[in-house]
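A.B. asks: Provided below: structure-v7.tsv, containing TSV, C-alpha atoms.
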```tsv
chain	number	residue	atom	x	y	z
A	12	MET	CA	102.82	163.64	108.40
A	13	LEU	CA	103.49	159.92	108.57
A	14	ASP	CA	100.83	157.53	109.77
A	15	ALA	CA	101.42	155.17	112.69
A	16	SER	CA	102.41	152.27	110.44
A	17	SER	CA	105.08	154.32	108.64
A	18	ARG	CA	106.45	155.71	111.91
A	19	ALA	CA	106.74	152.14	113.20
A	20	LYS	CA	108.67	151.16	110.05
A	21	VAL	CA	111.08	154.06	110.57
A	22	GLN	CA	111.78	152.81	114.09
A	23	GLU	CA	112.15	149.26	112.78
A	24	ILE	CA	114.71	150.38	110.20
A	25	ARG	CA	116.76	152.16	112.86
A	26	ARG	CA	116.52	149.16	115.20
A	27	GLN	CA	117.55	146.62	112.54
A	28	ILE	CA	120.57	148.63	111.44
A	29	THR	CA	121.66	149.40	114.99
A	30	GLU	CA	121.37	145.74	116.02
A	31	ASP	CA	123.18	144.44	112.95
A	32	LYS	CA	126.04	146.89	113.46
A	33	GLY	CA	126.20	146.39	117.21
A	34	ARG	CA	125.92	142.61	117.18
A	35	HIS	CA	128.91	142.25	114.92
A	36	ARG	CA	131.05	145.21	115.99
A	37	SER	CA	133.70	142.91	117.44
A	38	GLU	CA	133.61	140.79	114.29
A	39	ILE	CA	134.26	143.90	112.19
A	40	GLN	CA	137.33	144.64	114.30
A	41	ARG	CA	138.61	141.07	114.10
A	42	ALA	CA	138.01	140.95	110.37
A	43	ALA	CA	140.23	143.91	109.51
A	44	ASN	CA	141.82	143.56	106.04
A	45	SER	CA	139.91	140.36	105.28
A	46	GLU	CA	137.10	139.47	102.87
A	47	HIS	CA	134.73	139.52	105.86
A	48	ALA	CA	135.70	143.14	106.50
A	49	VAL	CA	135.02	144.05	102.87
A	50	ILE	CA	131.51	142.60	103.17
A	51	TRP	CA	130.93	144.63	106.32
A	52	GLN	CA	132.22	147.77	104.66
A	53	ARG	CA	129.74	147.40	101.80
A	54	ALA	CA	126.89	146.68	104.20
A	55	ASN	CA	127.73	149.62	106.46
A	56	ALA	CA	127.93	151.97	103.48
A	57	THR	CA	124.40	150.94	102.51
A	58	TYR	CA	123.17	151.25	106.11
A	59	ASP	CA	124.63	154.77	106.30
A	60	GLU	CA	122.90	155.74	103.05
A	61	ILE	CA	119.56	154.51	104.42
A	62	LEU	CA	120.00	156.36	107.71
A	63	LEU	CA	121.04	159.50	105.84
A	64	ALA	CA	117.88	159.31	103.75
A	65	LEU	CA	115.80	158.93	106.92
A	66	ASN	CA	117.51	161.81	108.73
A	67	GLY	CA	117.86	164.14	105.76
A	68	SER	CA	114.24	163.77	104.69
A	69	ALA	CA	112.70	163.55	108.15
A	70	GLY	CA	110.27	166.39	107.51
A	71	THR	CA	109.28	165.33	103.99
A	72	LEU	CA	109.16	161.54	104.24
A	73	THR	CA	106.17	159.90	102.63
A	74	ALA	CA	104.71	156.49	103.41
A	75	GLN	CA	105.95	155.22	100.03
A	76	HIS	CA	109.46	156.49	100.71
A	77	VAL	CA	109.50	154.80	104.11
A	78	GLN	CA	108.28	151.55	102.55
A	79	THR	CA	111.06	151.71	99.94
A	80	LEU	CA	113.72	152.31	102.61
A	81	HIS	CA	112.29	149.50	104.75
A	82	GLU	CA	112.54	147.08	101.82
A	83	ARG	CA	116.05	148.28	101.02
A	84	CYS	CA	117.10	147.76	104.64
A	85	ASP	CA	115.72	144.20	104.65
A	86	GLU	CA	117.49	143.45	101.36
A	87	ALA	CA	120.80	144.89	102.57
A	88	ILE	CA	120.79	142.84	105.77
A	89	ASN	CA	119.78	139.68	103.91
A	90	LEU	CA	122.47	140.20	101.28
A	91	ARG	CA	125.10	140.83	103.97
A	92	LYS	CA	124.19	137.59	105.72
A	93	LEU	CA	124.17	135.68	102.43
A	94	GLU	CA	127.59	137.03	101.45
A	95	HIS	CA	129.00	135.91	104.79
A	96	MET	CA	127.41	132.46	104.37
A	97	ALA	CA	128.94	132.10	100.90
A	98	LEU	CA	132.33	133.18	102.23
A	99	ARG	CA	132.14	130.76	105.17
A	100	SER	CA	131.21	128.03	102.71
A	101	ARG	CA	134.31	128.78	100.60
A	102	GLU	CA	136.40	128.75	103.76
A	103	GLY	CA	135.02	125.33	104.70
A	104	GLN	CA	133.12	126.58	107.77
A	105	ILE	CA	129.81	125.48	106.22
A	106	LEU	CA	129.57	122.08	104.56
A	107	GLU	CA	128.76	122.23	100.85
A	108	GLY	CA	125.00	122.23	100.33
A	109	VAL	CA	124.24	122.35	104.05
A	110	VAL	CA	122.47	125.26	105.77
A	111	ARG	CA	123.15	125.01	109.49
A	112	THR	CA	121.09	127.50	111.51
A	113	ASP	CA	117.50	128.73	111.57
A	114	ASP	CA	118.73	132.19	110.56
A	115	ASP	CA	120.68	130.67	107.67
A	116	ARG	CA	117.56	128.86	106.51
A	117	LYS	CA	115.51	132.07	106.61
A	118	VAL	CA	118.14	133.93	104.60
A	119	VAL	CA	118.32	131.15	101.99
A	120	ALA	CA	114.51	130.84	101.78
A	121	ARG	CA	114.13	134.56	101.12
A	122	SER	CA	116.93	134.59	98.55
A	123	ASP	CA	115.64	131.44	96.86
A	124	ALA	CA	112.22	133.05	96.50
A	125	ARG	CA	113.90	135.95	94.71
A	126	ARG	CA	115.81	133.52	92.49
A	127	LYS	CA	112.53	131.88	91.46
A	128	ARG	CA	110.94	135.27	90.67
A	129	GLU	CA	113.93	136.19	88.54
A	130	SER	CA	113.75	132.84	86.74
A	131	ALA	CA	110.09	133.48	85.92
A	132	GLN	CA	110.95	137.02	84.73
A	133	TRP	CA	113.61	135.57	82.42
A	134	GLU	CA	111.14	133.15	80.86
A	135	GLN	CA	108.67	135.99	80.28
A	136	PHE	CA	111.40	138.16	78.77
A	137	LYS	CA	112.65	135.36	76.51
A	138	ASP	CA	109.16	134.46	75.28
A	139	ALA	CA	108.25	138.09	74.59
A	140	ALA	CA	111.57	138.84	72.88
A	141	VAL	CA	111.39	135.81	70.62
A	142	ALA	CA	107.69	136.08	69.86
A	143	ASP	CA	106.66	139.64	69.22
A	144	LYS	CA	108.79	142.33	70.88
A	145	GLU	CA	110.09	144.73	68.24
A	146	SER	CA	112.96	146.13	70.31
A	147	ILE	CA	114.67	145.45	73.62
A	148	SER	CA	116.04	148.17	75.89
A	149	ILE	CA	118.48	147.68	78.76
A	150	GLY	CA	115.60	148.14	81.18
A	151	ASP	CA	113.76	145.18	79.63
A	152	ILE	CA	116.55	142.70	80.40
A	153	PRO	CA	116.05	140.83	83.71
A	154	PHE	CA	119.66	140.69	84.86
A	155	PRO	CA	120.24	138.29	87.79
A	156	SER	CA	120.78	139.81	91.22
A	157	LYS	CA	123.84	139.20	93.36
A	158	GLU	CA	121.50	137.59	95.89
A	159	SER	CA	120.20	134.96	93.46
A	160	LEU	CA	123.75	134.05	92.39
A	161	LEU	CA	124.98	133.74	95.96
A	162	VAL	CA	122.18	131.39	96.94
A	163	LYS	CA	123.10	129.15	94.00
A	164	SER	CA	126.69	129.07	95.29
A	165	LEU	CA	125.54	127.38	98.51
A	166	GLN	CA	124.42	124.24	96.67
A	167	THR	CA	126.39	121.02	96.45
A	168	PRO	CA	129.28	121.00	93.92
A	169	VAL	CA	127.26	118.98	91.40
A	170	ARG	CA	124.22	121.28	91.58
A	171	ARG	CA	126.43	124.38	91.55
A	172	LYS	CA	128.14	123.15	88.39
A	173	LYS	CA	124.76	122.59	86.73
A	174	ALA	CA	123.63	126.05	87.82
A	175	PHE	CA	126.77	127.59	86.32
A	176	GLN	CA	126.29	125.75	83.03
A	177	LYS	CA	122.67	126.91	82.80
A	178	MET	CA	123.52	130.52	83.64
A	179	ALA	CA	126.52	130.48	81.27
A	180	MET	CA	124.30	129.35	78.39
A	181	ARG	CA	121.94	132.23	79.19
A	182	TRP	CA	124.40	135.03	79.91
A	183	HIS	CA	127.53	134.33	77.87
A	184	PRO	CA	127.95	137.62	75.93
A	185	ASP	CA	128.34	136.00	72.51
A	186	LYS	CA	125.36	133.69	73.02
A	187	PHE	CA	123.19	136.53	74.36
A	188	ILE	CA	124.01	138.86	71.45
A	189	GLN	CA	123.54	136.05	68.96
A	190	LYS	CA	120.06	135.38	70.30
A	191	PHE	CA	118.78	138.89	71.05
A	192	GLY	CA	121.25	141.25	69.32
A	193	LYS	CA	119.04	142.16	66.36
A	194	LYS	CA	116.33	143.50	68.67
A	195	LEU	CA	118.56	145.37	71.12
A	196	ASP	CA	118.28	149.17	71.11
A	197	ASP	CA	121.94	149.46	72.08
A	198	SER	CA	123.84	146.22	71.53
A	199	SER	CA	127.19	147.63	72.68
A	200	GLU	CA	125.81	148.74	76.07
A	201	ALA	CA	123.90	145.49	76.43
A	202	LYS	CA	127.01	143.43	75.68
A	203	GLU	CA	128.97	145.44	78.26
A	204	ARG	CA	126.34	144.77	80.94
A	205	VAL	CA	125.99	141.10	79.99
A	206	THR	CA	129.78	140.67	80.06
A	207	ALA	CA	129.87	142.08	83.61
A	208	VAL	CA	127.05	139.74	84.64
A	209	PHE	CA	128.80	136.74	83.11
A	210	GLN	CA	131.99	137.61	85.00
A	211	ASP	CA	130.00	137.83	88.24
A	212	ILE	CA	128.42	134.45	87.51
A	213	THR	CA	131.84	132.93	86.90
A	214	ASN	CA	133.34	134.43	90.07
A	215	THR	CA	130.38	133.35	92.21
A	216	LEU	CA	129.67	129.85	90.92
A	217	GLN	CA	133.10	128.52	89.96
```
Can you give me the file's structure in the form of structure tokens?

C.D. replies:
Amino acid sequence: MLDASSRAKVQEIRRQITEDKGRHRSEIQRAANSEHAVIWQRANATYDEILLALNGSAGTLTAQHVQTLHERCDEAINLRKLEHMALRSREGQILEGVVRTDDDRKVVARSDARRKRESAQWEQFKDAAVADKESISIGDIPFPSKESLLVKSLQTPVRRKKAFQKMAMRWHPDKFIQKFGKKLDDSSEAKERVTAVFQDITNTLQ
């Protein structure tokens, strides 16, 4: 039996998803076969998974499960908004380095906070790996999130170029393997993941 706080979160999840879908239903229709539509398709697939988890586990939901779904819902909506901002920026609808609305600023602030956490996690990982860690598993590597890359893409061209150069030095497959390869449990799997991350960095920041 869920407590009042968890029941309120369940209602909040349903409300957020319903509002986000409903508010932009006409935009989804107008955006058929465009990059905007692809973003909406990804977001709606995630929303449907969250709702399915709520409905399918209605009788066995725990407070922790509800909290996890609530966080996932918030992240999905924030990522969807950030992807649209990045796309509008590429299309010239948002000036480079300028965040126009209060909602845009909230989205960027949240995503920038995540970027800073990931940066701190990288420094901890690097220090531990270099200093005393005997082996490194895939789970130890703090890969950057799509959200943190997208928020970097909204910077001015000069700052975006600097961000790309910094991330390229960190995540270029050859450089990564050269630095950490001897301690990796599975260097081939790690290189495959790092290569995919580097490609995402290139696509997002260049």

A.B. asks: My list of candidates is A:Ala54, A:Ala207, A:Ile61, A:Leu195. Which is closest to Gly150 (chain A) when distances are computed with only C-alpha atoms?

C.D. replies: A:Leu195

A.B. asks: Using all atoms listed in the file, can you tell me which of A:Lys177, A:Ala74, A:Arg53, A:Ile212 comes closest to Ala19 (chain A)?

C.D. replies: A:Ala74

A.B. asks: Point out the residue among A:Leu216, A:Ser17, A:Thr79, A:Asp113 with the least atom-to-atom distance to Pro168 (chain A), counting only C-alpha atoms.

C.D. replies: A:Leu216

A.B. asks: Looking at A:Val141, A:Leu13, A:Ala179, A:Leu165, which one is nearest to Val205 (chain A), with distances taken over only C-alpha atoms?

C.D. replies: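 Among A:Val141, A:Leu13, A:Ala179, A:Leu165, it is A:Ala179 that comes nearest to Val205 (chain A).
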
A.B. asks: Using only C-alpha atoms, determine which residues lie at most 12 Å from Thr73 (chain A), disregarding the query and same-chain residues fewer than 5 positions distant; provide the list as a list in words.

C.D. replies: Met12, Leu13, Asp14, Ser16, Ser17, Arg18, Lys20, Val21, Ala64, Leu65, Ser68, Gln78, Thr79 and Leu80 of chain A

A.B. asks: Would you output that residue set with C-alpha atoms, as a PDB file, in the coordinates of the input?

C.D. replies:
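Writing done, so here's part_11.pdb:
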```
ATOM      1  CA  MET A  12     102.820 163.640 108.400  1.00  0.00           C
ATOM      2  CA  LEU A  13     103.490 159.920 108.570  1.00  0.00           C
ATOM      3  CA  ASP A  14     100.830 157.530 109.770  1.00  0.00           C
ATOM      4  CA  SER A  16     102.410 152.270 110.440  1.00  0.00           C
ATOM      5  CA  SER A  17     105.080 154.320 108.640  1.00  0.00           C
ATOM      6  CA  ARG A  18     106.450 155.710 111.910  1.00  0.00           C
ATOM      7  CA  LYS A  20     108.670 151.160 110.050  1.00  0.00           C
ATOM      8  CA  VAL A  21     111.080 154.060 110.570  1.00  0.00           C
ATOM      9  CA  ALA A  64     117.880 159.310 103.750  1.00  0.00           C
ATOM     10  CA  LEU A  65     115.800 158.930 106.920  1.00  0.00           C
ATOM     11  CA  SER A  68     114.240 163.770 104.690  1.00  0.00           C
ATOM     12  CA  GLN A  78     108.280 151.550 102.550  1.00  0.00           C
ATOM     13  CA  THR A  79     111.060 151.710  99.940  1.00  0.00           C
ATOM     14  CA  LEU A  80     113.720 152.310 102.610  1.00  0.00           C
TER      15      LEU A  80
END
```

A.B. asks: Using only C-alpha atoms, which of the listed residues (A:Val49, A:Ala201, A:Lys194, A:Glu23) sits closest to Glu145 (chain A)?

C.D. replies: A:Lys194

A.B. asks: Report the distance between CA of Met180 (chain A) and CA of Pro155 (chain A) in Å, rounded to one decimal place.

C.D. replies: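 So the two atoms, CA of Met180 (chain A) and CA of Pro155 (chain A), lie 13.6 Å apart.
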
A.B. asks: Expressed in Å to a single decimal, how great is the separation between CA of Arg125 (chain A) and CA of Lys190 (chain A)?

C.D. replies: 25.2 Å

A.B. asks: Just to confirm, what's the straight-line distance from CA of Gln132 (chain A) to CA of Pro153 (chain A) in Å (one decimal)?

C.D. replies: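 Those two atoms sit 6.4 Å apart.
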
A.B. asks: Show me, as an NGL selection string, the residues that have an atom within 12 Å of Lys202 (chain A) when counting all atoms listed in the file, minus same-chain residues fewer than 6 positions from it.

C.D. replies: :A and (148-149 or 152 or 182-192 or 195-196 or 208-209)

A.B. asks: Atoms to include: C-alpha atoms. Write the selected residues as a CSV table (one decimal), in the frame of the given file.

C.D. replies:
```csv
chain,number,residue,atom,x,y,z
A,148,SER,CA,116.0,148.2,75.9
A,149,ILE,CA,118.5,147.7,78.8
A,152,ILE,CA,116.6,142.7,80.4
A,182,TRP,CA,124.4,135.0,79.9
A,183,HIS,CA,127.5,134.3,77.9
A,184,PRO,CA,128.0,137.6,75.9
A,185,ASP,CA,128.3,136.0,72.5
A,186,LYS,CA,125.4,133.7,73.0
A,187,PHE,CA,123.2,136.5,74.4
A,188,ILE,CA,124.0,138.9,71.4
A,189,GLN,CA,123.5,136.0,69.0
A,190,LYS,CA,120.1,135.4,70.3
A,191,PHE,CA,118.8,138.9,71.0
A,192,GLY,CA,121.2,141.2,69.3
A,195,LEU,CA,118.6,145.4,71.1
A,196,ASP,CA,118.3,149.2,71.1
A,208,VAL,CA,127.0,139.7,84.6
A,209,PHE,CA,128.8,136.7,83.1
```

A.B. asks: Here is a test: counting only C-alpha atoms, which residue of A:Arg181, A:Lys157, A:Arg25, A:Arg101 is nearest to Leu63 (chain A)?

C.D. replies: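 Of all the options, A:Arg25 lies closest to Leu63 (chain A).
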
A.B. asks: Could you pull the residues within 9 Å of Ile88 (chain A), counting only C-alpha atoms, minus those fewer than 3 positions along the same chain, as a list in words?

C.D. replies: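 So, after excluding close chain neighbours, the residues are Gln27, Ile28, Asp31, Ala54, Tyr58, Arg83, Cys84, Asp85, Arg91, Lys92 and Leu93 of chain A.
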
A.B. asks: Using only C-alpha atoms, determine which residues lie at most 8 Å from His95 (chain A), disregarding the query and same-chain residues fewer than 4 positions distant; provide the list as an MDAnalysis selection string.

C.D. replies: chainID A and resid 47 50 91 99

A.B. asks: May I have the residues within 7 Å of Ser122 (chain A) as a list in words, using all atoms listed in the file and disregarding those fewer than 5 positions away in the same chain?

C.D. replies: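 Once the adjacent positions are removed, what remains is Glu158, Ser159 and Val162 of chain A.
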
A.B. asks: Since the input is missing atoms for region 171-186 of chain A, could you rebuild it with N, CA and C atoms and give the result as a compact mmCIF listing (two decimals), in the coordinates of the input?

C.D. replies:
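Generated output (part.txt):
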```txt
# COMPACT_ATOMS: atom_id res chain seq x y z
N ARG A 171 125.84 123.08 91.87
CA ARG A 171 126.43 124.38 91.55
C ARG A 171 126.99 124.37 90.13
N LYS A 172 127.60 123.26 89.75
CA LYS A 172 128.14 123.15 88.39
C LYS A 172 127.01 123.22 87.37
N LYS A 173 125.91 122.55 87.64
CA LYS A 173 124.76 122.59 86.73
C LYS A 173 124.19 124.00 86.65
N ALA A 174 124.14 124.68 87.80
CA ALA A 174 123.63 126.05 87.82
C ALA A 174 124.52 126.96 86.99
N PHE A 175 125.84 126.77 87.11
CA PHE A 175 126.77 127.59 86.32
C PHE A 175 126.57 127.34 84.83
N GLN A 176 126.46 126.07 84.45
CA GLN A 176 126.29 125.75 83.03
C GLN A 176 125.02 126.38 82.47
N LYS A 177 123.94 126.33 83.25
CA LYS A 177 122.67 126.91 82.80
C LYS A 177 122.78 128.43 82.66
N MET A 178 123.39 129.07 83.67
CA MET A 178 123.52 130.52 83.64
C MET A 178 124.51 130.95 82.54
N ALA A 179 125.54 130.15 82.31
CA ALA A 179 126.52 130.48 81.27
C ALA A 179 125.87 130.42 79.88
N MET A 180 125.01 129.44 79.66
CA MET A 180 124.30 129.35 78.39
C MET A 180 123.40 130.58 78.18
N ARG A 181 122.88 131.10 79.26
CA ARG A 181 121.94 132.23 79.19
C ARG A 181 122.67 133.56 79.05
N TRP A 182 123.79 133.71 79.78
CA TRP A 182 124.40 135.03 79.91
C TRP A 182 125.78 135.18 79.27
N HIS A 183 126.27 134.15 78.59
CA HIS A 183 127.53 134.33 77.87
C HIS A 183 127.31 135.45 76.84
N PRO A 184 128.18 136.46 76.80
CA PRO A 184 127.95 137.62 75.93
C PRO A 184 127.69 137.26 74.47
N ASP A 185 128.50 136.36 73.92
CA ASP A 185 128.34 136.00 72.51
C ASP A 185 127.00 135.31 72.26
N LYS A 186 126.62 134.41 73.18
CA LYS A 186 125.36 133.69 73.02
C LYS A 186 124.17 134.65 73.17
```
